[in-house]
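Okay, protein_3.pdb is below, PDB, C-alpha atoms and all ligand atoms:
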ATOM      1  CA  MET Q  44       0.000   0.000   0.000  1.00  0.00           C
ATOM      2  CA  VAL Q  45       1.411   3.366  -0.958  1.00  0.00           C
ATOM      3  CA  VAL Q  46       0.064   6.563   0.480  1.00  0.00           C
ATOM      4  CA  VAL Q  47       1.370   9.435  -1.558  1.00  0.00           C
ATOM      5  CA  VAL Q  48       1.419  12.769   0.175  1.00  0.00           C
ATOM      6  CA  ASP Q  49      -0.676  15.126  -1.894  1.00  0.00           C
ATOM      7  CA  SER Q  50       0.683  18.535  -2.571  1.00  0.00           C
ATOM      8  CA  VAL Q  51      -0.584  21.197  -0.247  1.00  0.00           C
ATOM      9  CA  LYS Q  52      -0.141  24.789  -1.297  1.00  0.00           C
ATOM     10  CA  GLU Q  53       2.288  26.540   1.015  1.00  0.00           C
ATOM     11  CA  SER Q  54      -0.087  29.379   1.759  1.00  0.00           C
ATOM     12  CA  GLU Q  55      -2.634  26.926   3.099  1.00  0.00           C
ATOM     13  CA  THR Q  56      -0.364  25.712   5.837  1.00  0.00           C
ATOM     14  CA  LYS Q  57      -0.322  27.719   9.001  1.00  0.00           C
ATOM     15  CA  PHE Q  58       3.390  27.639   9.433  1.00  0.00           C
ATOM     16  CA  GLU Q  59       5.115  28.821  12.573  1.00  0.00           C
ATOM     17  CA  THR Q  60       8.533  27.431  13.415  1.00  0.00           C
ATOM     18  CA  SER Q  61       7.528  27.030  17.017  1.00  0.00           C
ATOM     19  CA  ARG Q  62       4.751  24.706  16.047  1.00  0.00           C
ATOM     20  CA  ILE Q  63       6.673  22.188  14.026  1.00  0.00           C
ATOM     21  CA  ALA Q  64       7.469  18.842  15.626  1.00  0.00           C
ATOM     22  CA  GLY Q  65       9.177  15.583  14.750  1.00  0.00           C
ATOM     23  CA  PHE Q  66       7.942  12.188  15.904  1.00  0.00           C
ATOM     24  CA  ASP Q  67       9.588   8.842  16.357  1.00  0.00           C
ATOM     25  CA  PHE Q  68       7.503   5.674  16.387  1.00  0.00           C
ATOM     26  CA  GLY Q  69       8.319   3.045  18.966  1.00  0.00           C
ATOM     27  CA  LEU Q  70       7.196  -0.189  20.503  1.00  0.00           C
ATOM     28  CA  LYS Q  71       6.599   0.701  24.147  1.00  0.00           C
ATOM     29  CA  THR Q  72       6.158   4.385  23.553  1.00  0.00           C
ATOM     30  CA  PHE Q  73       3.922   4.802  20.535  1.00  0.00           C
ATOM     31  CA  LEU Q  74       5.322   8.238  19.683  1.00  0.00           C
ATOM     32  CA  THR Q  75       8.151  10.306  21.067  1.00  0.00           C
ATOM     33  CA  CYS Q  76       7.874  13.975  20.198  1.00  0.00           C
ATOM     34  CA  SER Q  77      10.830  16.298  19.539  1.00  0.00           C
ATOM     35  CA  ASP Q  78       9.611  18.514  22.408  1.00  0.00           C
ATOM     36  CA  GLY Q  79      10.311  15.626  24.780  1.00  0.00           C
ATOM     37  CA  SER Q  80       6.711  14.560  25.335  1.00  0.00           C
ATOM     38  CA  LYS Q  81       5.740  10.929  24.901  1.00  0.00           C
ATOM     39  CA  ILE Q  82       2.565   9.193  23.843  1.00  0.00           C
ATOM     40  CA  GLU Q  83       2.387   5.760  25.368  1.00  0.00           C
ATOM     41  CA  SER Q  84       0.544   2.920  23.693  1.00  0.00           C
ATOM     42  CA  PRO Q  85      -2.738   2.693  25.579  1.00  0.00           C
ATOM     43  CA  GLN Q  86      -3.117  -0.034  28.153  1.00  0.00           C
ATOM     44  CA  PHE Q  87      -6.544  -1.048  26.820  1.00  0.00           C
ATOM     45  CA  LEU Q  88      -4.890  -2.048  23.567  1.00  0.00           C
ATOM     46  CA  LYS Q  89      -2.582  -4.476  25.310  1.00  0.00           C
ATOM     47  CA  GLN Q  90      -5.522  -5.886  27.248  1.00  0.00           C
ATOM     48  CA  SER Q  91      -7.655  -6.368  24.152  1.00  0.00           C
ATOM     49  CA  LEU Q  92      -4.771  -8.009  22.329  1.00  0.00           C
ATOM     50  CA  ASN Q  93      -4.404 -10.448  25.200  1.00  0.00           C
ATOM     51  CA  ALA Q  94      -8.124 -11.152  25.011  1.00  0.00           C
ATOM     52  CA  ILE Q  95      -7.706 -11.985  21.311  1.00  0.00           C
ATOM     53  CA  LYS Q  96      -4.885 -14.386  22.026  1.00  0.00           C
ATOM     54  CA  LYS Q  97      -6.985 -16.122  24.652  1.00  0.00           C
ATOM     55  CA  ALA Q  98     -10.028 -16.330  22.358  1.00  0.00           C
ATOM     56  CA  SER Q  99      -7.829 -17.680  19.584  1.00  0.00           C
ATOM     57  CA  ARG Q 100      -6.394 -20.405  21.802  1.00  0.00           C
ATOM     58  CA  ASN Q 101      -9.860 -21.282  22.973  1.00  0.00           C
ATOM     59  CA  HIS Q 102     -11.073 -21.549  19.384  1.00  0.00           C
ATOM     60  CA  SER Q 103      -8.265 -23.837  18.261  1.00  0.00           C
ATOM     61  CA  LYS Q 104      -8.929 -26.231  21.164  1.00  0.00           C
ATOM     62  CA  LYS Q 105     -12.508 -26.900  20.093  1.00  0.00           C
ATOM     63  CA  ARG Q 106     -13.338 -29.891  17.920  1.00  0.00           C
ATOM     64  CA  LYS Q 107     -13.694 -29.026  14.206  1.00  0.00           C
ATOM     65  CA  GLY Q 108     -17.293 -28.735  13.057  1.00  0.00           C
ATOM     66  CA  SER Q 109     -18.684 -28.586  16.589  1.00  0.00           C
ATOM     67  CA  ALA Q 110     -21.158 -25.987  17.820  1.00  0.00           C
ATOM     68  CA  ASN Q 111     -18.653 -25.015  20.503  1.00  0.00           C
ATOM     69  CA  ARG Q 112     -16.088 -24.243  17.850  1.00  0.00           C
ATOM     70  CA  GLU Q 113     -18.516 -22.028  15.977  1.00  0.00           C
ATOM     71  CA  ARG Q 114     -19.319 -20.168  19.208  1.00  0.00           C
ATOM     72  CA  ALA Q 115     -15.620 -19.748  19.888  1.00  0.00           C
ATOM     73  CA  ARG Q 116     -15.085 -18.481  16.351  1.00  0.00           C
ATOM     74  CA  LEU Q 117     -17.758 -15.815  16.724  1.00  0.00           C
ATOM     75  CA  ASN Q 118     -16.265 -14.801  20.036  1.00  0.00           C
ATOM     76  CA  LEU Q 119     -12.854 -14.427  18.369  1.00  0.00           C
ATOM     77  CA  VAL Q 120     -14.312 -12.280  15.574  1.00  0.00           C
ATOM     78  CA  ARG Q 121     -15.998 -10.010  18.144  1.00  0.00           C
ATOM     79  CA  LYS Q 122     -12.769  -9.608  20.090  1.00  0.00           C
ATOM     80  CA  HIS Q 123     -10.984  -8.687  16.864  1.00  0.00           C
ATOM     81  CA  GLU Q 124     -13.551  -6.068  15.944  1.00  0.00           C
ATOM     82  CA  ASP Q 125     -13.320  -4.670  19.438  1.00  0.00           C
ATOM     83  CA  VAL Q 126      -9.570  -4.070  19.140  1.00  0.00           C
ATOM     84  CA  VAL Q 127      -9.882  -2.565  15.676  1.00  0.00           C
ATOM     85  CA  ASN Q 128     -12.605  -0.165  16.824  1.00  0.00           C
ATOM     86  CA  ARG Q 129     -10.963   0.918  20.041  1.00  0.00           C
ATOM     87  CA  ARG Q 130      -7.626   1.397  18.380  1.00  0.00           C
ATOM     88  CA  SER Q 131      -9.177   3.386  15.583  1.00  0.00           C
ATOM     89  CA  ASP Q 132     -11.010   5.625  18.095  1.00  0.00           C
ATOM     90  CA  TRP Q 133      -7.752   6.246  19.874  1.00  0.00           C
ATOM     91  CA  PHE Q 134      -5.990   7.069  16.585  1.00  0.00           C
ATOM     92  CA  TRP Q 135      -8.631   9.660  15.654  1.00  0.00           C
ATOM     93  CA  LYS Q 136      -8.395  11.338  19.050  1.00  0.00           C
ATOM     94  CA  LEU Q 137      -4.608  11.355  18.909  1.00  0.00           C
ATOM     95  CA  ALA Q 138      -4.601  12.757  15.365  1.00  0.00           C
ATOM     96  CA  HIS Q 139      -6.826  15.625  16.511  1.00  0.00           C
ATOM     97  CA  GLU Q 140      -4.759  16.275  19.596  1.00  0.00           C
ATOM     98  CA  LEU Q 141      -1.486  16.405  17.649  1.00  0.00           C
ATOM     99  CA  THR Q 142      -2.862  18.610  14.878  1.00  0.00           C
ATOM    100  CA  ASN Q 143      -4.180  20.980  17.560  1.00  0.00           C
ATOM    101  CA  ARG Q 144      -0.747  21.205  19.104  1.00  0.00           C
ATOM    102  CA  PHE Q 145       1.310  21.448  15.918  1.00  0.00           C
ATOM    103  CA  ASP Q 146       1.040  22.934  12.428  1.00  0.00           C
ATOM    104  CA  VAL Q 147       3.700  20.817  10.770  1.00  0.00           C
ATOM    105  CA  LEU Q 148       4.264  17.220  11.853  1.00  0.00           C
ATOM    106  CA  CYS Q 149       7.306  15.339  10.633  1.00  0.00           C
ATOM    107  CA  PHE Q 150       7.728  11.587  10.523  1.00  0.00           C
ATOM    108  CA  GLU Q 151      10.062   9.118   8.978  1.00  0.00           C
ATOM    109  CA  THR Q 152       8.606   7.240   6.067  1.00  0.00           C
ATOM    110  CA  LEU Q 153       7.366   4.034   7.606  1.00  0.00           C
ATOM    111  CA  ASN Q 154       9.384   1.037   6.629  1.00  0.00           C
ATOM    112  CA  LEU Q 155       6.914  -1.548   7.829  1.00  0.00           C
ATOM    113  CA  LYS Q 156       8.909  -4.495   6.558  1.00  0.00           C
ATOM    114  CA  GLY Q 157      12.058  -3.241   8.250  1.00  0.00           C
ATOM    115  CA  MET Q 158      10.173  -2.611  11.501  1.00  0.00           C
ATOM    116  CA  GLN Q 159       8.735  -6.089  11.316  1.00  0.00           C
ATOM    117  CA  ARG Q 160      12.222  -7.538  10.972  1.00  0.00           C
ATOM    118  CA  LEU Q 161      13.488  -5.524  13.920  1.00  0.00           C
ATOM    119  CA  TRP Q 162      10.541  -5.835  16.225  1.00  0.00           C
ATOM    120  CA  GLY Q 163       8.691  -8.927  15.134  1.00  0.00           C
ATOM    121  CA  ARG Q 164       4.982  -9.483  14.701  1.00  0.00           C
ATOM    122  CA  LYS Q 165       3.950  -6.886  17.228  1.00  0.00           C
ATOM    123  CA  ILE Q 166       4.259  -4.187  14.624  1.00  0.00           C
ATOM    124  CA  SER Q 167       1.002  -5.192  12.934  1.00  0.00           C
ATOM    125  CA  ASP Q 168      -0.755  -4.934  16.294  1.00  0.00           C
ATOM    126  CA  LEU Q 169       0.381  -1.352  16.643  1.00  0.00           C
ATOM    127  CA  ALA Q 170      -0.969  -0.442  13.203  1.00  0.00           C
ATOM    128  CA  PHE Q 171       1.331   2.515  12.562  1.00  0.00           C
ATOM    129  CA  GLY Q 172       0.234   2.583   8.936  1.00  0.00           C
ATOM    130  CA  GLU Q 173      -3.394   3.050   9.890  1.00  0.00           C
ATOM    131  CA  PHE Q 174      -2.510   5.852  12.271  1.00  0.00           C
ATOM    132  CA  VAL Q 175      -0.512   7.674   9.597  1.00  0.00           C
ATOM    133  CA  GLN Q 176      -3.448   7.527   7.192  1.00  0.00           C
ATOM    134  CA  ILE Q 177      -5.839   8.906   9.794  1.00  0.00           C
ATOM    135  CA  LEU Q 178      -3.399  11.631  10.735  1.00  0.00           C
ATOM    136  CA  GLU Q 179      -2.967  12.704   7.114  1.00  0.00           C
ATOM    137  CA  TRP Q 180      -6.717  12.866   6.654  1.00  0.00           C
ATOM    138  CA  VAL Q 181      -7.223  14.985   9.768  1.00  0.00           C
ATOM    139  CA  ALA Q 182      -4.255  17.238   8.897  1.00  0.00           C
ATOM    140  CA  THR Q 183      -5.625  17.931   5.431  1.00  0.00           C
ATOM    141  CA  LYS Q 184      -9.003  18.875   6.904  1.00  0.00           C
ATOM    142  CA  LYS Q 185      -7.393  21.274   9.352  1.00  0.00           C
ATOM    143  CA  ASP Q 186      -4.874  22.779   6.879  1.00  0.00           C
ATOM    144  CA  LYS Q 187      -1.992  21.278   8.765  1.00  0.00           C
ATOM    145  CA  GLN Q 188       0.942  19.584   7.159  1.00  0.00           C
ATOM    146  CA  VAL Q 189       2.418  16.123   7.574  1.00  0.00           C
ATOM    147  CA  ILE Q 190       5.923  15.662   6.220  1.00  0.00           C
ATOM    148  CA  PHE Q 191       7.635  12.332   5.663  1.00  0.00           C
ATOM    149  CA  ILE Q 192      11.383  12.278   5.523  1.00  0.00           C
ATOM    150  CA  ASP Q 193      13.581   9.694   3.841  1.00  0.00           C
ATOM    151  CA  GLN Q 194      13.461   6.384   5.682  1.00  0.00           C
ATOM    152  CA  TRP Q 195      17.228   5.970   5.159  1.00  0.00           C
ATOM    153  CA  TYR Q 196      18.140   9.140   7.033  1.00  0.00           C
ATOM    154  CA  PRO Q 197      20.065   7.980  10.157  1.00  0.00           C
ATOM    155  CA  SER Q 198      17.796   9.740  12.656  1.00  0.00           C
ATOM    156  CA  SER Q 199      18.835   7.572  15.613  1.00  0.00           C
ATOM    157  CA  LYS Q 200      22.577   7.625  14.954  1.00  0.00           C
ATOM    158  CA  THR Q 201      22.914  11.359  14.341  1.00  0.00           C
ATOM    159  CA  CYS Q 202      23.571  13.663  17.281  1.00  0.00           C
ATOM    160  CA  SER Q 203      20.767  16.218  17.228  1.00  0.00           C
ATOM    161  CA  ARG Q 204      23.018  18.770  18.877  1.00  0.00           C
ATOM    162  CA  CYS Q 205      26.150  18.732  16.694  1.00  0.00           C
ATOM    163  CA  GLY Q 206      25.350  16.485  13.738  1.00  0.00           C
ATOM    164  CA  HIS Q 207      27.962  13.845  14.524  1.00  0.00           C
ATOM    165  CA  VAL Q 208      26.934  10.488  13.022  1.00  0.00           C
ATOM    166  CA  LEU Q 209      27.730   7.281  14.890  1.00  0.00           C
ATOM    167  CA  LYS Q 210      28.933   4.305  12.851  1.00  0.00           C
ATOM    168  CA  GLU Q 211      26.866   1.909  14.877  1.00  0.00           C
ATOM    169  CA  LEU Q 212      24.073   2.123  17.397  1.00  0.00           C
ATOM    170  CA  ASP Q 213      22.786  -1.010  19.026  1.00  0.00           C
ATOM    171  CA  LEU Q 214      19.004  -1.364  19.045  1.00  0.00           C
ATOM    172  CA  ASN Q 215      19.023  -1.815  22.808  1.00  0.00           C
ATOM    173  CA  THR Q 216      20.963   1.368  23.531  1.00  0.00           C
ATOM    174  CA  ARG Q 217      18.420   3.782  24.939  1.00  0.00           C
ATOM    175  CA  GLU Q 218      20.849   6.595  25.598  1.00  0.00           C
ATOM    176  CA  TRP Q 219      24.265   7.515  24.228  1.00  0.00           C
ATOM    177  CA  ARG Q 220      26.945  10.125  24.778  1.00  0.00           C
ATOM    178  CA  CYS Q 221      28.077  11.954  21.650  1.00  0.00           C
ATOM    179  CA  PRO Q 222      31.852  11.472  21.189  1.00  0.00           C
ATOM    180  CA  SER Q 223      32.058  14.847  19.502  1.00  0.00           C
ATOM    181  CA  CYS Q 224      30.036  17.277  21.672  1.00  0.00           C
ATOM    182  CA  GLN Q 225      29.627  15.066  24.767  1.00  0.00           C
ATOM    183  CA  SER Q 226      25.878  15.646  24.971  1.00  0.00           C
ATOM    184  CA  VAL Q 227      23.811  12.726  26.216  1.00  0.00           C
ATOM    185  CA  ASN Q 228      21.113  11.752  23.743  1.00  0.00           C
ATOM    186  CA  GLY Q 229      18.003   9.811  24.672  1.00  0.00           C
ATOM    187  CA  ARG Q 230      17.524   7.522  21.693  1.00  0.00           C
ATOM    188  CA  ASP Q 231      13.918   8.310  20.745  1.00  0.00           C
ATOM    189  CA  GLU Q 232      13.901  11.987  21.621  1.00  0.00           C
ATOM    190  CA  ASN Q 233      17.153  12.508  19.713  1.00  0.00           C
ATOM    191  CA  ALA Q 234      15.649  10.773  16.673  1.00  0.00           C
ATOM    192  CA  ALA Q 235      12.483  12.881  16.925  1.00  0.00           C
ATOM    193  CA  LYS Q 236      14.558  16.083  17.064  1.00  0.00           C
ATOM    194  CA  ASN Q 237      16.481  15.058  13.947  1.00  0.00           C
ATOM    195  CA  ILE Q 238      13.282  14.167  12.126  1.00  0.00           C
ATOM    196  CA  CYS Q 239      11.944  17.591  13.054  1.00  0.00           C
ATOM    197  CA  ALA Q 240      15.099  19.357  11.841  1.00  0.00           C
ATOM    198  CA  VAL Q 241      15.117  17.513   8.516  1.00  0.00           C
ATOM    199  CA  GLY Q 242      11.398  18.157   8.074  1.00  0.00           C
ATOM    200  CA  ALA Q 243      11.891  21.849   8.799  1.00  0.00           C
ATOM    201  CA  SER Q 244      14.757  22.105   6.325  1.00  0.00           C
ATOM    202  CA  THR Q 245      12.816  20.444   3.509  1.00  0.00           C
ATOM    203  CA  GLU Q 246      10.005  22.875   4.233  1.00  0.00           C
ATOM    204  CA  SER Q 247      12.281  25.904   3.874  1.00  0.00           C
ATOM    205  CA  VAL Q 248      13.813  24.791   0.585  1.00  0.00           C
ATOM    206  CA  GLY Q 249      10.380  24.122  -0.785  1.00  0.00           C
ATOM    207  CA  ASP Q 250      10.827  20.537  -1.877  1.00  0.00           C
ATOM    208  CA  VAL Q 251       8.725  19.026   0.859  1.00  0.00           C
ATOM    209  CA  ARG Q 252       6.473  17.458  -1.654  1.00  0.00           C
ATOM    210  CA  GLN Q 253       8.720  15.022  -3.383  1.00  0.00           C
ATOM    211  CA  ALA Q 254       5.923  12.471  -3.304  1.00  0.00           C
ATOM    212  CA  THR Q 255       7.636  10.514  -0.601  1.00  0.00           C
ATOM    213  CA  PRO Q 256       5.314   7.659   0.208  1.00  0.00           C
ATOM    214  CA  ALA Q 257       4.099   7.654   3.800  1.00  0.00           C
ATOM    215  CA  ILE Q 258       4.624   3.934   3.858  1.00  0.00           C
ATOM    216  CA  ALA Q 259       7.497   2.285   2.075  1.00  0.00           C
ATOM    217  CA  VAL Q 260       6.700  -0.800   0.034  1.00  0.00           C
TER     218      VAL Q 260
HETATM  219 ZN    ZN Y 301      27.097  15.774  19.374  1.00  0.00          ZN
END
Show this structure as structure tokens.
Ligand SMILES: [Zn+2]
Amino acid sequence: MVVVVDSVKESETKFETSRIAGFDFGLKTFLTCSDGSKIESPQFLKQSLNAIKKASRNHSKKRKGSANRERARLNLVRKHEDVVNRRSDWFWKLAHELTNRFDVLCFETLNLKGMQRLWGRKISDLAFGEFVQILEWVATKKDKQVIFIDQWYPSSKTCSRCGHVLKELDLNTREWRCPSCQSVNGRDENAAKNICAVGASTESVGDVRQATPAIAV
């Protein structure tokens, strides 16, 4: 699935430098914002996902063709719909909240396959792709702008203070000291700051709209 960012005329975007933010997607923390704030994945989502797992186990234990199995199947379907609906509600609320707070929102182009490799199956449960689509829809309605930067930009490995780029950064390293400027960078917040800076720079040179897909295929 490719979501191409439509061109938005510059004059339509209410652009103030103070209201531009970068965001980094994560597993435990759904989004880390360049201003240091965090949006945690909601607890209800975890609970509903556990309920699905339980319903799924229950279903597979029942004898094929039995009435019990059919009941268990319907129960599983209901649990699934429940997660999808609650998650979607949460996404809409979050999209509105973020577009109230910021005029320009910068993200890395989602590399869902890469995330899947790094993080495993859980990625599909978090449904980043769905959130991005909702956010883009809400942003367009409110004349706000969503910018996607190149997925290959080393947002985690670059020091947001001095620009030094590390050769390597282990996935488990949550915090690192820059060998060049000695500043201590929290992994996600540092990445979000870089994403913000790159987004802001593309904005100023006017080539924001290079039809970067929101989701890489
Ligand atoms: Zn540095």
Could you please extract the residues within 12 Å of ligand ZN 301 (chain Y), counting only C-alpha atoms and all ligand atoms, and hand them back as a PyMOL selection string?
chain Q and resi 200-209+219-228+233+237
Between Q:Val241, Q:Cys149, Q:Asn101, Q:Leu155, which has the minimum distance to Thr75 in chain Q (counting all atoms listed in the file)?
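Closest to Thr75 in chain Q, using all atoms listed in the file: Q:Cys149.
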Rounded to one decimal in Å, what is the spacing between CA of Ser80 in chain Q and CA of Asn154 in chain Q?
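Straight-line distance from CA of Ser80 in chain Q to CA of Asn154 in chain Q works out to 23.2 Å.
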Distance in Å - CA of Ser103 in chain Q versus CA of Ala115 in chain Q
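The value is 8.6 Å.
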In Å to one decimal, how far is CA of Ile192 in chain Q from CA of Lys236 in chain Q?
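Those two atoms sit 12.6 Å apart.
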